[in-house]
Amino acid sequence: MRLLLVKTVFVAALVGSLPGCETLEAFSSNKDKSQEEEYAGWDDKTFHEKAKEALDNKNYQKAVTLYEALEARYPFGDYAAQAQLNVAYAYYKNDDPEAAIAAADRFIKIHPRNPHVDYAYYLKGLINYNRGIGFIDRFLPTDSSQRDPGNAKDAYDNFQELIRRFPNSQYVEDAKLRMVALRNNMAMYEIHVADFYMRRKAYVAAVNRANHVVKEFQRTPAVPFALQIMQDGYRKLGMDDLAADAERVYQMNYPNGTPVANYKELSTMEQVWDSLGLDK
């Protein structure tokens, strides 16, 4: 009896959903029909001009729609390759990084010898460089080195590939400058992690992170902080000889003063966290 009741309810729900499905299909059909009417008589040049106009007017969603329609209707036309590259940029500006990178990769795969393929590599780096930057980050001063370094590493690799493949590209100079900033941020991220370990008295982990910075991120602003952490960490561990070595290296390379160690100053939120004993 119970099984019969369940089947009856299921059938009733299915039947009730059919009008909704028909309505949705009708809406989709009407939408496609309206687009067909709007694009009636358009050649590939018209699509290209209208899409470029939308892109210039920062109407990125419309630009995406038009470039995709251009590629679908004229896949072998004169503007097809440019549409594939431009749609990647439109996706990027429309805050859809996954679609943008997919479009750039597709362009690289289909047009490896295109004269503008270097821009596709550069665009991938630019997308990852700016990925994760939200509204607050754009309008308020924030420390980008405290963000997850995954996207920064991807961007660094993208720019590095651009430079390797196209050393004479017009985008190389900008890519190199961005790589410097990315490397500095990745190094400082390691310092933030080491600072956290120091405050939690995980001295071995802190020293290991700081040592990684000294070895892998030489000539970055993070190195003096790493040497400070190594000094303090080794002393806490009772390894006075290693602490003295770190101090000697620091004094040789930074004789004009000691910057304040970030990890010695707790933020307000960290002070509240510790006062509540939430780690205990």
# chains A, B, ... in the order shown; residues from 1 in each chain; ligands from 1
call {"tool": "select_by_dssp", "arguments": {"residues": "region 79-259 of chain A", "states": "helix (DSSP H, G or I)", "output": "ChimeraX atom specification"}}
result
/A:80-93,97-110,117-130,135-139,144-146,150-165,172-199,203-216,223-236,240-253
call {"tool": "closest_atom_pairs", "arguments": {"of": "region 167-193 of chain A", "to": "region 97-121 of chain A", "cutoff": "10 Å", "atoms": "only C-alpha atoms", "output": "JSON lines"}}
result
{"residue": "A:Pro167", "atom": "CA", "partner": "A:Asp118", "partner_atom": "CA", "distance": 9.8}
{"residue": "A:Asn168", "atom": "CA", "partner": "A:Asp118", "partner_atom": "CA", "distance": 9.8}
{"residue": "A:Ser169", "atom": "CA", "partner": "A:Asp118", "partner_atom": "CA", "distance": 6.8}
{"residue": "A:Gln170", "atom": "CA", "partner": "A:Asp118", "partner_atom": "CA", "distance": 8.8}
{"residue": "A:Tyr171", "atom": "CA", "partner": "A:Tyr119", "partner_atom": "CA", "distance": 7.4}
{"residue": "A:Val172", "atom": "CA", "partner": "A:Asp118", "partner_atom": "CA", "distance": 9.4}
call {"tool": "write_last_selection", "arguments": {"atoms": "N, CA, C and O atoms", "output": "PDB file, in the first residue's frame"}}
result
ATOM      1  N   PRO A 167      60.545  35.112 -26.805  1.00  0.00           N
ATOM      2  CA  PRO A 167      61.424  36.069 -26.112  1.00  0.00           C
ATOM      3  C   PRO A 167      61.368  37.484 -26.683  1.00  0.00           C
ATOM      4  O   PRO A 167      61.730  38.438 -25.991  1.00  0.00           O
ATOM      5  N   ASN A 168      60.913  37.619 -27.925  1.00  0.00           N
ATOM      6  CA  ASN A 168      60.846  38.944 -28.544  1.00  0.00           C
ATOM      7  C   ASN A 168      59.431  39.528 -28.548  1.00  0.00           C
ATOM      8  O   ASN A 168      59.181  40.547 -29.202  1.00  0.00           O
ATOM      9  N   SER A 169      58.523  38.908 -27.838  1.00  0.00           N
ATOM     10  CA  SER A 169      57.141  39.381 -27.804  1.00  0.00           C
ATOM     11  C   SER A 169      57.050  40.751 -27.133  1.00  0.00           C
ATOM     12  O   SER A 169      57.819  41.073 -26.211  1.00  0.00           O
ATOM     13  N   GLN A 170      56.100  41.533 -27.569  1.00  0.00           N
ATOM     14  CA  GLN A 170      55.888  42.857 -26.978  1.00  0.00           C
ATOM     15  C   GLN A 170      55.382  42.768 -25.541  1.00  0.00           C
ATOM     16  O   GLN A 170      55.408  43.766 -24.810  1.00  0.00           O
ATOM     17  N   TYR A 171      54.928  41.576 -25.136  1.00  0.00           N
ATOM     18  CA  TYR A 171      54.375  41.409 -23.788  1.00  0.00           C
ATOM     19  C   TYR A 171      55.415  40.927 -22.780  1.00  0.00           C
ATOM     20  O   TYR A 171      55.114  40.810 -21.593  1.00  0.00           O
ATOM     21  N   VAL A 172      56.629  40.652 -23.244  1.00  0.00           N
ATOM     22  CA  VAL A 172      57.658  40.089 -22.373  1.00  0.00           C
ATOM     23  C   VAL A 172      58.052  41.055 -21.259  1.00  0.00           C
ATOM     24  O   VAL A 172      58.207  40.656 -20.097  1.00  0.00           O
TER      25      VAL A 172
END
call {"tool": "atom_distance", "arguments": {"atom1": "CA of Glu53 (chain A)", "atom2": "CA of Pro75 (chain A)"}}
result
20.5 Å
call {"tool": "atom_distance", "arguments": {"atom1": "CA of Val64 (chain A)", "atom2": "CA of Asn94 (chain A)"}}
result
8.7 Å
call {"tool": "residues_around", "arguments": {"residues": "region 234-249 of chain A", "least_positions_apart": "5", "cutoff": "12 Å", "atoms": "only C-alpha atoms", "output": "mmCIF file with all heavy atoms, in the first residue's frame"}}
result
data_model
loop_
_atom_site.group_PDB
_atom_site.id
_atom_site.type_symbol
_atom_site.label_atom_id
_atom_site.label_comp_id
_atom_site.auth_asym_id
_atom_site.auth_seq_id
_atom_site.Cartn_x
_atom_site.Cartn_y
_atom_site.Cartn_z
ATOM 1 N N MET A 198 55.646 30.428 14.296
ATOM 2 C CA MET A 198 56.382 30.985 15.433
ATOM 3 C C MET A 198 55.447 31.352 16.568
ATOM 4 O O MET A 198 55.717 31.069 17.738
ATOM 5 C CB MET A 198 57.175 32.221 14.992
ATOM 6 C CG MET A 198 58.433 31.931 14.200
ATOM 7 S SD MET A 198 59.700 31.026 15.131
ATOM 8 C CE MET A 198 60.134 32.213 16.401
ATOM 9 N N ARG A 199 54.323 31.976 16.238
ATOM 10 C CA ARG A 199 53.367 32.381 17.263
ATOM 11 C C ARG A 199 52.705 31.184 17.930
ATOM 12 O O ARG A 199 52.255 31.280 19.069
ATOM 13 C CB ARG A 199 52.318 33.312 16.661
ATOM 14 C CG ARG A 199 52.877 34.685 16.289
ATOM 15 C CD ARG A 199 51.761 35.679 16.039
ATOM 16 N NE ARG A 199 51.043 35.413 14.813
ATOM 17 C CZ ARG A 199 51.297 35.995 13.639
ATOM 18 N NH1 ARG A 199 52.311 36.848 13.553
ATOM 19 N NH2 ARG A 199 50.577 35.719 12.575
ATOM 20 N N LYS A 201 54.355 28.455 18.442
ATOM 21 C CA LYS A 201 55.482 27.732 19.050
ATOM 22 C C LYS A 201 55.832 26.453 18.304
ATOM 23 O O LYS A 201 56.405 25.521 18.882
ATOM 24 C CB LYS A 201 55.205 27.437 20.528
ATOM 25 C CG LYS A 201 54.980 28.706 21.357
ATOM 26 C CD LYS A 201 54.728 28.394 22.824
ATOM 27 C CE LYS A 201 54.497 29.672 23.609
ATOM 28 N NZ LYS A 201 54.267 29.399 25.057
ATOM 29 N N ALA A 202 55.501 26.416 17.023
ATOM 30 C CA ALA A 202 55.907 25.290 16.177
ATOM 31 C C ALA A 202 57.225 25.697 15.500
ATOM 32 O O ALA A 202 57.277 26.000 14.304
ATOM 33 C CB ALA A 202 54.827 24.987 15.152
ATOM 34 N N TYR A 203 58.291 25.676 16.271
ATOM 35 C CA TYR A 203 59.540 26.286 15.835
ATOM 36 C C TYR A 203 60.216 25.525 14.690
ATOM 37 O O TYR A 203 60.840 26.142 13.827
ATOM 38 C CB TYR A 203 60.485 26.413 17.030
ATOM 39 C CG TYR A 203 59.892 27.226 18.166
ATOM 40 C CD1 TYR A 203 59.763 26.698 19.451
ATOM 41 C CD2 TYR A 203 59.432 28.525 17.930
ATOM 42 C CE1 TYR A 203 59.212 27.435 20.467
ATOM 43 C CE2 TYR A 203 58.877 29.282 18.963
ATOM 44 C CZ TYR A 203 58.761 28.722 20.229
ATOM 45 O OH TYR A 203 58.192 29.447 21.248
ATOM 46 N N VAL A 204 60.131 24.214 14.705
ATOM 47 C CA VAL A 204 60.742 23.429 13.628
ATOM 48 C C VAL A 204 60.098 23.779 12.284
ATOM 49 O O VAL A 204 60.794 24.009 11.286
ATOM 50 C CB VAL A 204 60.614 21.920 13.904
ATOM 51 C CG1 VAL A 204 61.099 21.116 12.700
ATOM 52 C CG2 VAL A 204 61.414 21.533 15.147
ATOM 53 N N ALA A 205 58.763 23.828 12.268
ATOM 54 C CA ALA A 205 58.049 24.164 11.037
ATOM 55 C C ALA A 205 58.383 25.583 10.591
ATOM 56 O O ALA A 205 58.559 25.846 9.394
ATOM 57 C CB ALA A 205 56.546 24.011 11.240
ATOM 58 N N ALA A 206 58.497 26.502 11.556
ATOM 59 C CA ALA A 206 58.814 27.895 11.221
ATOM 60 C C ALA A 206 60.205 28.004 10.602
ATOM 61 O O ALA A 206 60.404 28.692 9.590
ATOM 62 C CB ALA A 206 58.719 28.759 12.475
ATOM 63 N N VAL A 207 61.171 27.334 11.199
ATOM 64 C CA VAL A 207 62.539 27.378 10.681
ATOM 65 C C VAL A 207 62.617 26.762 9.293
ATOM 66 O O VAL A 207 63.319 27.277 8.403
ATOM 67 C CB VAL A 207 63.487 26.655 11.658
ATOM 68 C CG1 VAL A 207 64.832 26.394 10.992
ATOM 69 C CG2 VAL A 207 63.681 27.482 12.919
ATOM 70 N N ASN A 208 61.910 25.674 9.084
ATOM 71 C CA ASN A 208 61.923 25.034 7.765
ATOM 72 C C ASN A 208 61.360 25.954 6.685
ATOM 73 O O ASN A 208 61.893 26.029 5.567
ATOM 74 C CB ASN A 208 61.125 23.726 7.806
ATOM 75 C CG ASN A 208 61.860 22.627 8.548
ATOM 76 O OD1 ASN A 208 63.085 22.675 8.703
ATOM 77 N ND2 ASN A 208 61.131 21.625 9.016
ATOM 78 N N ALA A 210 61.281 29.263 6.786
ATOM 79 C CA ALA A 210 62.215 30.377 6.613
ATOM 80 C C ALA A 210 63.437 29.935 5.800
ATOM 81 O O ALA A 210 63.917 30.664 4.927
ATOM 82 C CB ALA A 210 62.646 30.895 7.974
ATOM 83 N N ASN A 211 63.926 28.741 6.073
ATOM 84 C CA ASN A 211 65.066 28.212 5.329
ATOM 85 C C ASN A 211 64.724 28.041 3.847
ATOM 86 O O ASN A 211 65.555 28.291 2.958
ATOM 87 C CB ASN A 211 65.484 26.870 5.930
ATOM 88 C CG ASN A 211 66.808 26.387 5.377
ATOM 89 O OD1 ASN A 211 67.760 27.152 5.234
ATOM 90 N ND2 ASN A 211 66.883 25.103 5.064
ATOM 91 N N VAL A 214 65.055 31.419 2.140
ATOM 92 C CA VAL A 214 66.446 31.799 1.908
ATOM 93 C C VAL A 214 67.029 31.065 0.705
ATOM 94 O O VAL A 214 67.778 31.636 -0.091
ATOM 95 C CB VAL A 214 67.290 31.522 3.167
ATOM 96 C CG1 VAL A 214 68.772 31.747 2.883
ATOM 97 C CG2 VAL A 214 66.839 32.421 4.317
ATOM 98 N N VAL A 223 63.704 37.781 2.412
ATOM 99 C CA VAL A 223 64.885 37.106 2.958
ATOM 100 C C VAL A 223 65.292 37.607 4.337
ATOM 101 O O VAL A 223 65.548 36.795 5.242
ATOM 102 C CB VAL A 223 66.063 37.193 1.963
ATOM 103 C CG1 VAL A 223 67.355 36.686 2.604
ATOM 104 C CG2 VAL A 223 65.754 36.373 0.719
ATOM 105 N N PRO A 224 65.376 38.928 4.586
ATOM 106 C CA PRO A 224 65.765 39.354 5.942
ATOM 107 C C PRO A 224 64.795 38.894 7.013
ATOM 108 O O PRO A 224 65.212 38.541 8.136
ATOM 109 C CB PRO A 224 65.791 40.883 5.842
ATOM 110 C CG PRO A 224 65.006 41.218 4.618
ATOM 111 C CD PRO A 224 65.212 40.083 3.690
ATOM 112 N N PHE A 225 63.508 38.843 6.695
ATOM 113 C CA PHE A 225 62.537 38.336 7.666
ATOM 114 C C PHE A 225 62.751 36.843 7.907
ATOM 115 O O PHE A 225 62.609 36.351 9.028
ATOM 116 C CB PHE A 225 61.117 38.582 7.172
ATOM 117 C CG PHE A 225 60.738 40.036 7.114
ATOM 118 C CD1 PHE A 225 60.658 40.693 5.904
ATOM 119 C CD2 PHE A 225 60.484 40.751 8.274
ATOM 120 C CE1 PHE A 225 60.316 42.029 5.847
ATOM 121 C CE2 PHE A 225 60.151 42.086 8.235
ATOM 122 C CZ PHE A 225 60.076 42.736 7.012
ATOM 123 N N ALA A 226 63.095 36.128 6.846
ATOM 124 C CA ALA A 226 63.360 34.699 6.997
ATOM 125 C C ALA A 226 64.560 34.460 7.910
ATOM 126 O O ALA A 226 64.542 33.560 8.762
ATOM 127 C CB ALA A 226 63.606 34.071 5.621
ATOM 128 N N LEU A 227 65.608 35.264 7.744
ATOM 129 C CA LEU A 227 66.794 35.112 8.592
ATOM 130 C C LEU A 227 66.472 35.435 10.048
ATOM 131 O O LEU A 227 67.001 34.797 10.970
ATOM 132 C CB LEU A 227 67.915 36.025 8.077
ATOM 133 C CG LEU A 227 68.540 35.594 6.737
ATOM 134 C CD1 LEU A 227 69.461 36.691 6.208
ATOM 135 C CD2 LEU A 227 69.307 34.285 6.906
ATOM 136 N N GLN A 228 65.615 36.410 10.271
ATOM 137 C CA GLN A 228 65.197 36.723 11.645
ATOM 138 C C GLN A 228 64.457 35.542 12.269
ATOM 139 O O GLN A 228 64.681 35.193 13.433
ATOM 140 C CB GLN A 228 64.285 37.952 11.640
ATOM 141 C CG GLN A 228 65.019 39.274 11.517
ATOM 142 C CD GLN A 228 64.055 40.426 11.708
ATOM 143 O OE1 GLN A 228 63.122 40.597 10.909
ATOM 144 N NE2 GLN A 228 64.265 41.209 12.739
ATOM 145 N N ILE A 229 63.561 34.972 11.494
ATOM 146 C CA ILE A 229 62.800 33.838 12.008
ATOM 147 C C ILE A 229 63.731 32.670 12.321
ATOM 148 O O ILE A 229 63.568 31.982 13.338
ATOM 149 C CB ILE A 229 61.722 33.419 10.993
ATOM 150 C CG1 ILE A 229 60.648 34.498 10.895
ATOM 151 C CG2 ILE A 229 61.073 32.082 11.389
ATOM 152 C CD1 ILE A 229 59.641 34.284 9.781
ATOM 153 N N TYR A 254 72.664 42.702 5.661
ATOM 154 C CA TYR A 254 71.777 43.814 6.029
ATOM 155 C C TYR A 254 72.389 44.569 7.212
ATOM 156 O O TYR A 254 71.853 44.557 8.328
ATOM 157 C CB TYR A 254 70.387 43.281 6.388
ATOM 158 C CG TYR A 254 69.813 42.386 5.304
ATOM 159 C CD1 TYR A 254 69.901 41.006 5.412
ATOM 160 C CD2 TYR A 254 69.215 42.926 4.168
ATOM 161 C CE1 TYR A 254 69.397 40.177 4.416
ATOM 162 C CE2 TYR A 254 68.720 42.108 3.166
ATOM 163 C CZ TYR A 254 68.821 40.736 3.296
ATOM 164 O OH TYR A 254 68.333 39.914 2.301
ATOM 165 N N PRO A 255 73.503 45.239 6.971
ATOM 166 C CA PRO A 255 74.209 45.901 8.079
ATOM 167 C C PRO A 255 73.580 47.203 8.529
ATOM 168 O O PRO A 255 73.970 47.746 9.573
ATOM 169 C CB PRO A 255 75.599 46.157 7.474
ATOM 170 C CG PRO A 255 75.339 46.317 6.009
ATOM 171 C CD PRO A 255 74.208 45.386 5.692
ATOM 172 N N THR A 258 67.758 46.562 11.319
ATOM 173 C CA THR A 258 66.932 45.369 11.390
ATOM 174 C C THR A 258 65.467 45.757 11.266
ATOM 175 O O THR A 258 64.939 46.466 12.120
ATOM 176 C CB THR A 258 67.135 44.641 12.740
ATOM 177 O OG1 THR A 258 68.521 44.320 12.879
ATOM 178 C CG2 THR A 258 66.312 43.375 12.793
#
call {"tool": "atom_distance", "arguments": {"atom1": "CA of His192 (chain A)", "atom2": "CA of Ala175 (chain A)"}}
result
25.4 Å
call {"tool": "closest_residue", "arguments": {"among": "A:Lys153, A:Lys62, A:Lys176, A:His48", "to": "Gln84 (chain A)", "atoms": "only C-alpha atoms"}}
result
A:His48
call {"tool": "closest_residue", "arguments": {"among": "A:Leu126, A:Ala63, A:Leu70, A:Ala54", "to": "Tyr39 (chain A)", "atoms": "only C-alpha atoms"}}
result
A:Leu70
call {"tool": "closest_residue", "arguments": {"among": "A:Ala69, A:Leu123, A:Met188, A:Ala194", "to": "Tyr92 (chain A)", "atoms": "only C-alpha atoms"}}
result
A:Leu123
call {"tool": "closest_residue", "arguments": {"among": "A:Leu177, A:Ile163, A:Leu85, A:Ala222", "to": "Glu190 (chain A)", "atoms": "only C-alpha atoms"}}
result
A:Ala222
